[in-house]
Amino acid sequence: MIQLVRGFKDILPDEIGAWNRIEKTTADLLASFGFSEIRLPILEKTELFRRSIGEMTDIVEKEMYTFPGSRDEMLTLRPEATASVARAYIQQRLYAVDPIQKLYTIGPMFRKERPQKGRYRQFYQINAEVFGIESPLVDAQLIVMLWSLFKRLEIFNLSVHINSLGCPACRPEFKNLLSGNLSSRGELLCADCQRRREKNPLRVLDCKVPSCQDAIAGAPVMSDFLCQACARHFDSVKRALNQQEIPYIINHRLVRGLDYYCRTAFEIQTTQLGTQNAVAGGGRYDGLVEALGGPSMPAVGFAVGIDRLVDILLQRGPQPGSVPDVFIAPLGDEAIRRSFEWSCALSLADIKTEADFSGKSLKALMKRADRVGADFVLIAGDQELQNGSVVVRNMKTKEQTSVPIDKIARQIKELITKKIRNPEASSQKSE
Ligand code: AMP
């Protein structure tokens with residue numbers, strides 16, 4: 001049997017309810033914060049990610065799915081979405097329509113990381129990006145938005161970590177000092193960090209290797225080096241979060257893996273997962289649009305890992321997508337023929353319907369109705385057809401009602417509405 005590619009996964013029907021809920025909640029929430037959806041290709045020129053993410057990052061160094069395209073061009077399955085959104089913002093000249101664009105996109109990303117629980121090679125993200133606004137209030141607003149997204153999904157036990165990475169005016173001095181500091185503890189650094197120490201010492205700060213953690217203990221922190229403008233910016237973010245009563249932790253070690261971040265960086269972690277505990281991360285990347293050939297433009301955004309949110313929702317049990325309201329169990333040829341008609345009519349009246357045309361026994365049909373989780377079963381045999389009615393059985397209370405054939409759709413709709421409005425009332429016999 002041909003198996004899945006390692007690190008990839010199937011999303012099965014008993015999980016899809018969670019996926020749908022997350023995507024719908026996101027779409028509603030982001031629309032109310034003024035965001036529009038954008039859909040982009042999953043394949044881009046490799047150069048886009050090399051330039052935007054940076055050469056000395058794990059993603060570009062070892063995690064990209066890259067292969068030759070046409071005419072000596074290398075192509076890559078996108079490992080993240082910010083670079084693609086920025087590319088579209090520039091290429092489609094969205095900035096010329098209005099420099100301020102609030103965009104979000106939902107879709108798969110690909111990284112050749114070592115697979116483990118909560119870490120996949122194809123995983124899904126919600127990405128929100130704001131272009132054209134320098135104000136720190138928008139950084140805080142993104143965190144507020146994330147906080148409400150998790151609240152709406154009833155995901156709690158979260159901690160918000162924030163930091164400021166400074167800007168091209170103040171970061172170089174910090175980088176130099178950090179690099180010098182790390183060179184005195186060089187023997188503690190892992191092989192990757194030995195290489196990064198000189199060119200990209202900030203990356204050493206978020207290395208998870210324990211000896212690197214020892215090496216950075218007591219290392220200088222960026223917040224002591226922020227220029228006045230960056231310090232003011234960071235203070236405003238914190239004030240805005242206080243105003244919205246969002247608790248946060250200032251995490252001096254938080255640097256984010258991508259090179260293009262500046263000023264605000266944030267990450268949201270949960271205690272409801274194992275080691276892969278980050279559910280969202282983001283920050284400001286004021287230099288990226290210009291670096292990719294667009295106008296000089298401030299920007300800030302975040303990415304949420306949907307797979308990890310789904311894992312949390314599934315801890316509460318299966319979340320199936322579509323459970324039929326009604327299951328039609330016809331007995332005999334004439335009933336099967338009529339059940340085709342009824343099932344089309346019910347489905348077209350927006351009632352979730354499953355009909356079984358197999359001609360199996362009532363016992364087998366009832367077993368299947370139970371298995372698919374239908375609330376009501378419509379039973380029709382020769383006797384019922386002769387009487388011009390069918391039997392509707394409430395699967396929870398086991399009560400049965402006779403419903404005239406010409407009123408099937410109306411009566412079933414009434415039963416379902418009653419059940420939705422008052423689950424207890426549905427246990428009373430319908431007239
Ligand atoms: P990043 O783009 O690395 O900042 O990641 C943003 C979010 O995407 C993280 O907080 C995770 O929730 C999620 N994520 C990143 N990489 C993976 C992965 N390999 N598998 C599952 N989720 C991931």
# chains A, B, ... in the order shown; residues from 1 in each chain; ligands from 1
>>> residues_near_ligand(ligand="ligand 1", cutoff="10 Å", atoms="only C-alpha atoms and all ligand atoms", output="ChimeraX atom specification")
/A:7-8,59,63,79-82,108-127,256-258,266-270,276-283,302-309
>>> write_last_selection(atoms="N, CA and C atoms", output="compact mmCIF listing (two decimals), in the first residue's frame")
# COMPACT_ATOMS: atom_id res chain seq x y z
N GLY A 7 5.56 13.20 7.63
CA GLY A 7 5.36 14.59 8.07
C GLY A 7 4.13 15.24 7.49
N PHE A 8 3.47 14.53 6.55
CA PHE A 8 2.23 15.04 5.97
C PHE A 8 1.08 14.27 6.62
N ILE A 59 14.92 27.93 8.14
CA ILE A 59 13.99 27.69 7.02
C ILE A 59 14.75 27.65 5.70
N GLU A 63 15.10 23.84 5.40
CA GLU A 63 13.74 23.33 5.50
C GLU A 63 12.86 23.52 4.26
N PRO A 79 7.20 28.28 2.58
CA PRO A 79 7.37 27.86 3.97
C PRO A 79 6.64 28.81 4.93
N GLU A 80 6.21 29.94 4.44
CA GLU A 80 5.46 30.91 5.24
C GLU A 80 4.79 31.86 4.27
N ALA A 81 3.84 32.67 4.76
CA ALA A 81 3.02 33.43 3.81
C ALA A 81 3.37 34.91 3.70
N THR A 82 4.07 35.45 4.71
CA THR A 82 4.29 36.91 4.70
C THR A 82 4.99 37.36 3.42
N PRO A 108 -2.00 26.17 3.43
CA PRO A 108 -0.90 25.30 3.83
C PRO A 108 0.48 25.92 3.62
N MET A 109 1.40 25.57 4.51
CA MET A 109 2.81 25.95 4.41
C MET A 109 3.61 24.65 4.43
N PHE A 110 4.85 24.71 3.95
CA PHE A 110 5.65 23.49 3.84
C PHE A 110 7.05 23.73 4.39
N ARG A 111 7.41 22.94 5.38
CA ARG A 111 8.78 23.03 5.92
C ARG A 111 9.28 21.63 6.21
N LYS A 112 10.51 21.36 5.76
CA LYS A 112 11.07 20.02 5.97
C LYS A 112 11.71 19.96 7.35
N GLU A 113 10.88 20.07 8.39
CA GLU A 113 11.38 19.98 9.76
C GLU A 113 11.29 18.54 10.21
N ARG A 114 11.92 18.23 11.33
CA ARG A 114 11.80 16.86 11.85
C ARG A 114 10.40 16.68 12.41
N PRO A 115 9.60 15.76 11.81
CA PRO A 115 8.20 15.66 12.25
C PRO A 115 8.09 15.16 13.69
N GLN A 116 7.15 15.69 14.40
CA GLN A 116 6.81 15.21 15.75
C GLN A 116 5.41 15.71 16.07
N LYS A 117 4.87 15.36 17.23
CA LYS A 117 3.52 15.80 17.54
C LYS A 117 3.45 17.33 17.50
N GLY A 118 2.53 17.87 16.73
CA GLY A 118 2.38 19.32 16.64
C GLY A 118 3.33 19.96 15.65
N ARG A 119 4.19 19.13 15.01
CA ARG A 119 5.10 19.71 14.00
C ARG A 119 5.01 18.86 12.74
N TYR A 120 4.50 19.46 11.69
CA TYR A 120 4.27 18.73 10.45
C TYR A 120 5.06 19.38 9.33
N ARG A 121 5.18 18.64 8.22
CA ARG A 121 5.91 19.21 7.07
C ARG A 121 4.96 19.97 6.16
N GLN A 122 3.68 19.59 6.17
CA GLN A 122 2.65 20.48 5.60
C GLN A 122 1.75 20.85 6.76
N PHE A 123 1.70 22.12 7.06
CA PHE A 123 0.84 22.58 8.15
C PHE A 123 0.12 23.83 7.67
N TYR A 124 -0.89 24.23 8.44
CA TYR A 124 -1.76 25.30 7.97
C TYR A 124 -1.65 26.52 8.87
N GLN A 125 -1.71 27.67 8.25
CA GLN A 125 -1.62 28.91 9.03
C GLN A 125 -2.72 29.89 8.63
N ILE A 126 -3.08 30.72 9.60
CA ILE A 126 -3.85 31.93 9.32
C ILE A 126 -2.81 33.04 9.36
N ASN A 127 -2.70 33.80 8.30
CA ASN A 127 -1.74 34.91 8.28
C ASN A 127 -2.48 36.22 8.14
N ARG A 256 12.12 35.60 17.13
CA ARG A 256 11.49 35.12 15.91
C ARG A 256 12.57 34.66 14.92
N GLY A 257 12.20 33.65 14.13
CA GLY A 257 13.21 33.03 13.27
C GLY A 257 13.55 33.80 12.00
N LEU A 258 12.75 34.77 11.64
CA LEU A 258 12.94 35.39 10.32
C LEU A 258 13.69 36.71 10.44
N PHE A 266 6.21 39.14 18.78
CA PHE A 266 5.37 38.51 19.81
C PHE A 266 5.11 37.06 19.48
N GLU A 267 4.78 36.33 20.52
CA GLU A 267 4.45 34.92 20.35
C GLU A 267 3.40 34.57 21.39
N ILE A 268 2.45 33.73 21.00
CA ILE A 268 1.46 33.28 21.97
C ILE A 268 1.66 31.79 22.19
N GLN A 269 1.80 31.44 23.45
CA GLN A 269 2.05 30.04 23.81
C GLN A 269 0.90 29.52 24.65
N THR A 270 0.74 28.20 24.63
CA THR A 270 -0.31 27.59 25.45
C THR A 270 0.30 26.48 26.29
N GLN A 276 5.67 21.54 21.45
CA GLN A 276 5.36 22.49 20.37
C GLN A 276 4.23 23.38 20.87
N ASN A 277 4.57 24.34 21.75
CA ASN A 277 3.52 25.06 22.47
C ASN A 277 3.18 26.43 21.90
N ALA A 278 3.85 26.84 20.80
CA ALA A 278 3.55 28.15 20.22
C ALA A 278 2.36 28.02 19.29
N VAL A 279 1.33 28.83 19.54
CA VAL A 279 0.16 28.76 18.65
C VAL A 279 0.11 29.94 17.68
N ALA A 280 0.85 30.99 17.97
CA ALA A 280 0.88 32.12 17.04
C ALA A 280 2.14 32.92 17.26
N GLY A 281 2.59 33.56 16.20
CA GLY A 281 3.76 34.41 16.34
C GLY A 281 3.69 35.51 15.29
N GLY A 282 4.32 36.61 15.61
CA GLY A 282 4.28 37.68 14.62
C GLY A 282 5.17 38.83 15.01
N GLY A 283 5.01 39.92 14.29
CA GLY A 283 5.80 41.10 14.60
C GLY A 283 5.85 42.05 13.43
N PHE A 302 0.98 38.58 11.68
CA PHE A 302 1.15 37.38 12.51
C PHE A 302 0.77 36.13 11.74
N ALA A 303 1.18 35.00 12.27
CA ALA A 303 0.77 33.70 11.73
C ALA A 303 0.28 32.83 12.89
N VAL A 304 -0.86 32.21 12.70
CA VAL A 304 -1.42 31.29 13.70
C VAL A 304 -1.30 29.88 13.15
N GLY A 305 -0.86 28.94 13.96
CA GLY A 305 -0.78 27.54 13.52
C GLY A 305 -2.11 26.84 13.74
N ILE A 306 -2.81 26.57 12.63
CA ILE A 306 -4.16 25.99 12.77
C ILE A 306 -4.10 24.56 13.32
N ASP A 307 -3.12 23.76 12.83
CA ASP A 307 -3.05 22.36 13.28
C ASP A 307 -3.02 22.26 14.80
N ARG A 308 -2.28 23.18 15.42
CA ARG A 308 -2.15 23.11 16.88
C ARG A 308 -3.45 23.51 17.56
N LEU A 309 -4.18 24.47 16.98
CA LEU A 309 -5.49 24.83 17.55
C LEU A 309 -6.44 23.66 17.43
>>> residues_around(residues="Gln411 of chain A", least_positions_apart="6", cutoff="12 Å", atoms="only C-alpha atoms", output="NGL selection string")
:A and (326 or 346 or 349 or 351 or 376 or 378 or 389-392 or 401-405 or 417-418 or 430-431)
>>> write_last_selection(atoms="all heavy atoms", output="compact mmCIF listing (two decimals), in the first residue's frame")
# COMPACT_ATOMS: atom_id res chain seq x y z
N VAL A 326 -31.45 14.24 9.28
CA VAL A 326 -32.42 13.18 9.06
C VAL A 326 -31.81 12.10 8.18
O VAL A 326 -31.06 12.38 7.25
CB VAL A 326 -33.74 13.76 8.47
CG1 VAL A 326 -33.52 14.52 7.19
CG2 VAL A 326 -34.76 12.66 8.22
N LEU A 346 -35.54 17.41 0.64
CA LEU A 346 -35.07 17.82 1.97
C LEU A 346 -33.71 18.52 1.88
O LEU A 346 -33.50 19.57 2.48
CB LEU A 346 -34.95 16.60 2.90
CG LEU A 346 -36.29 15.99 3.36
CD1 LEU A 346 -36.04 14.70 4.12
CD2 LEU A 346 -37.06 16.96 4.23
N ALA A 349 -34.02 21.85 0.69
CA ALA A 349 -34.63 22.76 1.68
C ALA A 349 -33.65 23.00 2.83
O ALA A 349 -34.05 23.38 3.94
CB ALA A 349 -35.93 22.14 2.19
N ILE A 351 -31.96 20.93 4.65
CA ILE A 351 -31.98 19.98 5.76
C ILE A 351 -30.91 18.94 5.45
O ILE A 351 -30.89 18.36 4.35
CB ILE A 351 -33.37 19.31 5.88
CG1 ILE A 351 -34.41 20.39 6.26
CG2 ILE A 351 -33.35 18.19 6.91
CD1 ILE A 351 -35.83 19.94 6.12
N PHE A 376 -32.97 12.37 13.45
CA PHE A 376 -34.27 11.79 13.13
C PHE A 376 -34.11 10.77 12.02
O PHE A 376 -33.26 10.92 11.14
CB PHE A 376 -35.25 12.88 12.65
CG PHE A 376 -35.49 13.94 13.69
CD1 PHE A 376 -34.77 15.13 13.68
CD2 PHE A 376 -36.42 13.73 14.71
CE1 PHE A 376 -34.98 16.10 14.66
CE2 PHE A 376 -36.64 14.70 15.69
CZ PHE A 376 -35.92 15.89 15.66
N LEU A 378 -36.41 8.83 9.05
CA LEU A 378 -37.69 8.77 8.35
C LEU A 378 -37.83 7.34 7.81
O LEU A 378 -37.00 6.89 7.02
CB LEU A 378 -37.62 9.81 7.23
CG LEU A 378 -38.85 10.17 6.44
CD1 LEU A 378 -38.67 11.56 5.85
CD2 LEU A 378 -39.09 9.17 5.34
N SER A 389 -48.39 8.26 4.43
CA SER A 389 -47.60 8.91 5.49
C SER A 389 -46.30 8.12 5.71
O SER A 389 -46.16 7.00 5.24
CB SER A 389 -48.41 8.96 6.78
OG SER A 389 -48.68 7.65 7.20
N VAL A 390 -45.38 8.75 6.43
CA VAL A 390 -44.14 8.06 6.80
C VAL A 390 -43.99 8.17 8.32
O VAL A 390 -44.68 8.98 8.96
CB VAL A 390 -42.91 8.67 6.11
CG1 VAL A 390 -42.96 8.51 4.61
CG2 VAL A 390 -42.75 10.13 6.49
N VAL A 391 -43.06 7.39 8.86
CA VAL A 391 -42.83 7.47 10.30
C VAL A 391 -41.53 8.25 10.53
O VAL A 391 -40.53 8.01 9.86
CB VAL A 391 -42.70 6.04 10.89
CG1 VAL A 391 -42.19 6.10 12.33
CG2 VAL A 391 -44.03 5.31 10.82
N VAL A 392 -41.57 9.20 11.45
CA VAL A 392 -40.34 9.92 11.80
C VAL A 392 -39.98 9.55 13.24
O VAL A 392 -40.80 9.70 14.15
CB VAL A 392 -40.52 11.44 11.65
CG1 VAL A 392 -39.27 12.16 12.15
CG2 VAL A 392 -40.78 11.81 10.20
N THR A 401 -43.44 9.51 15.22
CA THR A 401 -44.57 10.34 14.82
C THR A 401 -44.92 9.97 13.39
O THR A 401 -44.02 9.70 12.59
CB THR A 401 -44.14 11.83 14.79
OG1 THR A 401 -43.36 12.09 15.93
CG2 THR A 401 -45.32 12.76 14.72
N SER A 402 -46.20 10.00 13.07
CA SER A 402 -46.61 9.75 11.69
C SER A 402 -46.73 11.10 10.98
O SER A 402 -47.35 12.03 11.50
CB SER A 402 -47.95 9.01 11.73
OG SER A 402 -48.37 8.81 10.42
N VAL A 403 -46.08 11.21 9.84
CA VAL A 403 -46.07 12.50 9.12
C VAL A 403 -46.63 12.29 7.71
O VAL A 403 -46.15 11.42 6.98
CB VAL A 403 -44.63 13.05 9.03
CG1 VAL A 403 -44.56 14.27 8.14
CG2 VAL A 403 -44.07 13.35 10.40
N PRO A 404 -47.66 13.08 7.30
CA PRO A 404 -48.19 12.94 5.93
C PRO A 404 -47.10 13.21 4.90
O PRO A 404 -46.28 14.12 5.08
CB PRO A 404 -49.28 14.02 5.86
CG PRO A 404 -49.54 14.42 7.27
CD PRO A 404 -48.33 14.11 8.07
N ILE A 405 -47.12 12.42 3.83
CA ILE A 405 -46.05 12.52 2.82
C ILE A 405 -45.91 13.94 2.26
O ILE A 405 -44.81 14.44 2.09
CB ILE A 405 -46.29 11.49 1.69
CG1 ILE A 405 -45.92 10.11 2.22
CG2 ILE A 405 -45.50 11.84 0.43
CD1 ILE A 405 -46.17 8.97 1.28
N THR A 417 -35.99 22.67 13.98
CA THR A 417 -35.96 24.01 14.58
C THR A 417 -36.24 23.92 16.08
O THR A 417 -35.57 24.55 16.89
CB THR A 417 -37.02 24.92 13.92
OG1 THR A 417 -37.01 24.67 12.53
CG2 THR A 417 -36.78 26.38 14.20
N LYS A 418 -37.24 23.10 16.42
CA LYS A 418 -37.61 22.93 17.82
C LYS A 418 -36.42 22.37 18.60
O LYS A 418 -36.11 22.81 19.70
CB LYS A 418 -38.75 21.92 17.88
CG LYS A 418 -39.74 22.18 19.00
CD LYS A 418 -40.74 21.09 18.96
CE LYS A 418 -42.15 21.58 19.08
NZ LYS A 418 -43.10 20.47 18.88
N SER A 430 -44.16 15.23 18.66
CA SER A 430 -44.64 16.26 17.73
C SER A 430 -46.01 15.86 17.21
O SER A 430 -46.29 14.70 17.00
CB SER A 430 -43.65 16.36 16.59
OG SER A 430 -44.26 16.91 15.49
N GLU A 431 -46.89 16.87 17.04
CA GLU A 431 -48.25 16.56 16.54
C GLU A 431 -48.24 16.53 15.02
O GLU A 431 -47.56 17.27 14.39
CB GLU A 431 -49.22 17.63 17.01
CG GLU A 431 -49.34 17.67 18.54
CD GLU A 431 -49.64 16.31 19.16
OE1 GLU A 431 -50.42 15.54 18.58
OE2 GLU A 431 -49.05 15.98 20.19
>>> select_by_dssp(residues="segment 89-289 of chain A", states="alpha helix (DSSP H)", output="PyMOL selection string")
chain A and resi 89-91+94-97+136-152+171-183+191-199+202-205+210-216+228-243+288-289
>>> atom_distance(atom1="atom CA of Val300 of chain A", atom2="atom CA of Ser148 of chain A")
18.2 Å
>>> residues_around(residues="Arg21 of chain A", least_positions_apart="5", cutoff="12 Å", atoms="only C-alpha atoms", output="PyMOL selection string")
chain A and resi 15-16+26-29+149-150+152-154+306+309-310+313-314+319-321
>>> write_last_selection(atoms="N, CA, C and O atoms", output="PDB file, in the first residue's frame")
ATOM      1  N   GLU A  15     -12.502  15.371  12.224  1.00  0.00           N
ATOM      2  CA  GLU A  15     -11.749  16.557  12.669  1.00  0.00           C
ATOM      3  C   GLU A  15     -12.255  17.811  11.982  1.00  0.00           C
ATOM      4  O   GLU A  15     -11.949  18.924  12.393  1.00  0.00           O
ATOM      5  N   ILE A  16     -12.983  17.619  10.890  1.00  0.00           N
ATOM      6  CA  ILE A  16     -13.220  18.762  10.007  1.00  0.00           C
ATOM      7  C   ILE A  16     -14.075  19.849  10.660  1.00  0.00           C
ATOM      8  O   ILE A  16     -13.939  21.027  10.339  1.00  0.00           O
ATOM      9  N   THR A  26     -12.327  32.849  12.374  1.00  0.00           N
ATOM     10  CA  THR A  26     -11.299  33.780  11.903  1.00  0.00           C
ATOM     11  C   THR A  26     -11.878  34.749  10.879  1.00  0.00           C
ATOM     12  O   THR A  26     -11.670  35.967  10.980  1.00  0.00           O
ATOM     13  N   ALA A  27     -12.598  34.209   9.900  1.00  0.00           N
ATOM     14  CA  ALA A  27     -13.128  35.068   8.829  1.00  0.00           C
ATOM     15  C   ALA A  27     -14.053  36.130   9.422  1.00  0.00           C
ATOM     16  O   ALA A  27     -13.970  37.312   9.071  1.00  0.00           O
ATOM     17  N   ASP A  28     -14.915  35.728  10.362  1.00  0.00           N
ATOM     18  CA  ASP A  28     -15.855  36.696  10.957  1.00  0.00           C
ATOM     19  C   ASP A  28     -15.113  37.754  11.763  1.00  0.00           C
ATOM     20  O   ASP A  28     -15.369  38.950  11.640  1.00  0.00           O
ATOM     21  N   LEU A  29     -14.170  37.284  12.601  1.00  0.00           N
ATOM     22  CA  LEU A  29     -13.461  38.214  13.483  1.00  0.00           C
ATOM     23  C   LEU A  29     -12.605  39.196  12.675  1.00  0.00           C
ATOM     24  O   LEU A  29     -12.624  40.405  12.908  1.00  0.00           O
ATOM     25  N   LEU A 149      -9.598  35.905  19.184  1.00  0.00           N
ATOM     26  CA  LEU A 149      -9.795  34.701  18.368  1.00  0.00           C
ATOM     27  C   LEU A 149      -9.741  33.461  19.271  1.00  0.00           C
ATOM     28  O   LEU A 149     -10.617  32.594  19.223  1.00  0.00           O
ATOM     29  N   PHE A 150      -8.717  33.411  20.139  1.00  0.00           N
ATOM     30  CA  PHE A 150      -8.572  32.238  21.009  1.00  0.00           C
ATOM     31  C   PHE A 150      -9.730  32.155  22.010  1.00  0.00           C
ATOM     32  O   PHE A 150     -10.206  31.079  22.319  1.00  0.00           O
ATOM     33  N   ARG A 152     -12.799  33.250  21.527  1.00  0.00           N
ATOM     34  CA  ARG A 152     -13.980  32.765  20.806  1.00  0.00           C
ATOM     35  C   ARG A 152     -13.915  31.263  20.550  1.00  0.00           C
ATOM     36  O   ARG A 152     -14.927  30.599  20.432  1.00  0.00           O
ATOM     37  N   LEU A 153     -12.692  30.759  20.416  1.00  0.00           N
ATOM     38  CA  LEU A 153     -12.537  29.312  20.183  1.00  0.00           C
ATOM     39  C   LEU A 153     -12.469  28.550  21.509  1.00  0.00           C
ATOM     40  O   LEU A 153     -12.243  27.340  21.520  1.00  0.00           O
ATOM     41  N   GLU A 154     -12.652  29.303  22.605  1.00  0.00           N
ATOM     42  CA  GLU A 154     -12.580  28.729  23.960  1.00  0.00           C
ATOM     43  C   GLU A 154     -11.231  28.043  24.217  1.00  0.00           C
ATOM     44  O   GLU A 154     -11.161  26.956  24.759  1.00  0.00           O
ATOM     45  N   ILE A 306      -2.811  26.570  12.632  1.00  0.00           N
ATOM     46  CA  ILE A 306      -4.159  25.989  12.773  1.00  0.00           C
ATOM     47  C   ILE A 306      -4.097  24.561  13.315  1.00  0.00           C
ATOM     48  O   ILE A 306      -4.902  24.177  14.161  1.00  0.00           O
ATOM     49  N   LEU A 309      -4.182  24.473  16.977  1.00  0.00           N
ATOM     50  CA  LEU A 309      -5.485  24.835  17.550  1.00  0.00           C
ATOM     51  C   LEU A 309      -6.444  23.657  17.428  1.00  0.00           C
ATOM     52  O   LEU A 309      -7.207  23.352  18.341  1.00  0.00           O
ATOM     53  N   VAL A 310      -6.375  22.975  16.269  1.00  0.00           N
ATOM     54  CA  VAL A 310      -7.234  21.809  16.062  1.00  0.00           C
ATOM     55  C   VAL A 310      -6.915  20.748  17.120  1.00  0.00           C
ATOM     56  O   VAL A 310      -7.824  20.169  17.721  1.00  0.00           O
ATOM     57  N   LEU A 313      -8.689  21.693  20.228  1.00  0.00           N
ATOM     58  CA  LEU A 313     -10.144  21.482  20.151  1.00  0.00           C
ATOM     59  C   LEU A 313     -10.475  19.989  20.178  1.00  0.00           C
ATOM     60  O   LEU A 313     -11.468  19.581  20.777  1.00  0.00           O
ATOM     61  N   LEU A 314      -9.615  19.173  19.565  1.00  0.00           N
ATOM     62  CA  LEU A 314      -9.903  17.734  19.516  1.00  0.00           C
ATOM     63  C   LEU A 314      -9.691  17.049  20.865  1.00  0.00           C
ATOM     64  O   LEU A 314     -10.195  15.953  21.089  1.00  0.00           O
ATOM     65  N   GLN A 319     -14.837  16.328  16.440  1.00  0.00           N
ATOM     66  CA  GLN A 319     -15.623  17.491  16.019  1.00  0.00           C
ATOM     67  C   GLN A 319     -16.020  17.268  14.567  1.00  0.00           C
ATOM     68  O   GLN A 319     -15.416  17.829  13.653  1.00  0.00           O
ATOM     69  N   PRO A 320     -17.027  16.409  14.347  1.00  0.00           N
ATOM     70  CA  PRO A 320     -17.391  16.079  12.972  1.00  0.00           C
ATOM     71  C   PRO A 320     -17.965  17.275  12.235  1.00  0.00           C
ATOM     72  O   PRO A 320     -18.547  18.170  12.848  1.00  0.00           O
ATOM     73  N   GLY A 321     -17.789  17.269  10.944  1.00  0.00           N
ATOM     74  CA  GLY A 321     -18.277  18.387  10.143  1.00  0.00           C
ATOM     75  C   GLY A 321     -19.758  18.311   9.923  1.00  0.00           C
ATOM     76  O   GLY A 321     -20.537  19.079  10.455  1.00  0.00           O
TER      77      GLY A 321
END
>>> atom_distance(atom1="atom CA of Lys352 of chain A", atom2="atom CA of Asp406 of chain A")
18.7 Å
>>> residues_around(residues="segment 209-217 of chain A", least_positions_apart="4", cutoff="12 Å", atoms="only C-alpha atoms", output="list of chain:residue names")
A:Leu178, A:Ser179, A:Gly180, A:Asn181, A:Leu182, A:Ser183, A:Ser184, A:Arg185, A:Gly186, A:Glu187, A:Leu188, A:Leu189, A:Cys190, A:Ala191, A:Asp192, A:Cys193, A:Gln194, A:Arg196, A:Arg197, A:Pro201, A:Leu202, A:Arg203, A:Val204, A:Leu205, A:Val221, A:His252, A:Arg253
>>> closest_residue(among="A:Ser339, A:Thr66, A:Asn200, A:Ser32", to="Gly54 of chain A", atoms="only C-alpha atoms")
A:Asn200
>>> atom_distance(atom1="atom CA of Leu4 of chain A", atom2="atom CA of Leu40 of chain A")
25.1 Å
>>> residues_around(residues="segment 164-169 of chain A", least_positions_apart="3", cutoff="8 Å", atoms="only C-alpha atoms", output="number ranges by chain")
A: 172, 222-223, 225-227, 230, 234, 255, 261-265
>>> write_last_selection(atoms="N, CA and C atoms", output="PDB file, in the first residue's frame")
ATOM      1  N   PRO A 172      22.407  47.347  15.404  1.00  0.00           N
ATOM      2  CA  PRO A 172      23.804  46.956  15.142  1.00  0.00           C
ATOM      3  C   PRO A 172      24.695  46.982  16.384  1.00  0.00           C
ATOM      4  N   MET A 222      18.277  43.303  24.290  1.00  0.00           N
ATOM      5  CA  MET A 222      17.995  44.370  23.317  1.00  0.00           C
ATOM      6  C   MET A 222      17.332  45.582  23.965  1.00  0.00           C
ATOM      7  N   SER A 223      16.447  45.319  24.943  1.00  0.00           N
ATOM      8  CA  SER A 223      15.679  46.451  25.498  1.00  0.00           C
ATOM      9  C   SER A 223      16.593  47.513  26.107  1.00  0.00           C
ATOM     10  N   PHE A 225      19.189  48.594  24.707  1.00  0.00           N
ATOM     11  CA  PHE A 225      19.856  49.292  23.599  1.00  0.00           C
ATOM     12  C   PHE A 225      18.889  50.027  22.675  1.00  0.00           C
ATOM     13  N   LEU A 226      17.589  49.957  22.973  1.00  0.00           N
ATOM     14  CA  LEU A 226      16.613  50.560  22.052  1.00  0.00           C
ATOM     15  C   LEU A 226      16.852  52.060  21.912  1.00  0.00           C
ATOM     16  N   CYS A 227      16.765  52.563  20.675  1.00  0.00           N
ATOM     17  CA  CYS A 227      16.854  54.009  20.476  1.00  0.00           C
ATOM     18  C   CYS A 227      15.568  54.630  21.012  1.00  0.00           C
ATOM     19  N   CYS A 230      12.368  53.625  19.109  1.00  0.00           N
ATOM     20  CA  CYS A 230      11.966  52.228  19.332  1.00  0.00           C
ATOM     21  C   CYS A 230      11.424  52.038  20.743  1.00  0.00           C
ATOM     22  N   PHE A 234       7.704  50.730  21.645  1.00  0.00           N
ATOM     23  CA  PHE A 234       7.465  49.548  22.492  1.00  0.00           C
ATOM     24  C   PHE A 234       6.588  49.917  23.698  1.00  0.00           C
ATOM     25  N   VAL A 255      13.075  36.346  19.609  1.00  0.00           N
ATOM     26  CA  VAL A 255      13.593  37.079  18.451  1.00  0.00           C
ATOM     27  C   VAL A 255      12.871  36.717  17.156  1.00  0.00           C
ATOM     28  N   TYR A 261      12.213  40.886  10.749  1.00  0.00           N
ATOM     29  CA  TYR A 261      11.477  41.529  11.841  1.00  0.00           C
ATOM     30  C   TYR A 261      12.243  42.714  12.431  1.00  0.00           C
ATOM     31  N   CYS A 262      11.501  43.724  12.874  1.00  0.00           N
ATOM     32  CA  CYS A 262      12.100  44.839  13.605  1.00  0.00           C
ATOM     33  C   CYS A 262      11.081  45.261  14.667  1.00  0.00           C
ATOM     34  N   ARG A 263      11.520  46.011  15.613  1.00  0.00           N
ATOM     35  CA  ARG A 263      10.645  46.467  16.709  1.00  0.00           C
ATOM     36  C   ARG A 263       9.825  45.313  17.306  1.00  0.00           C
ATOM     37  N   THR A 264       8.481  45.439  17.298  1.00  0.00           N
ATOM     38  CA  THR A 264       7.677  44.460  18.040  1.00  0.00           C
ATOM     39  C   THR A 264       7.803  43.037  17.509  1.00  0.00           C
ATOM     40  N   ALA A 265       8.073  42.093  18.419  1.00  0.00           N
ATOM     41  CA  ALA A 265       7.972  40.668  18.085  1.00  0.00           C
ATOM     42  C   ALA A 265       7.080  40.066  19.159  1.00  0.00           C
TER      43      ALA A 265
END
>>> closest_residue(among="A:Ile22, A:Leu48, A:Leu385, A:Ala231", to="Arg87 of chain A", atoms="only C-alpha atoms")
A:Leu48
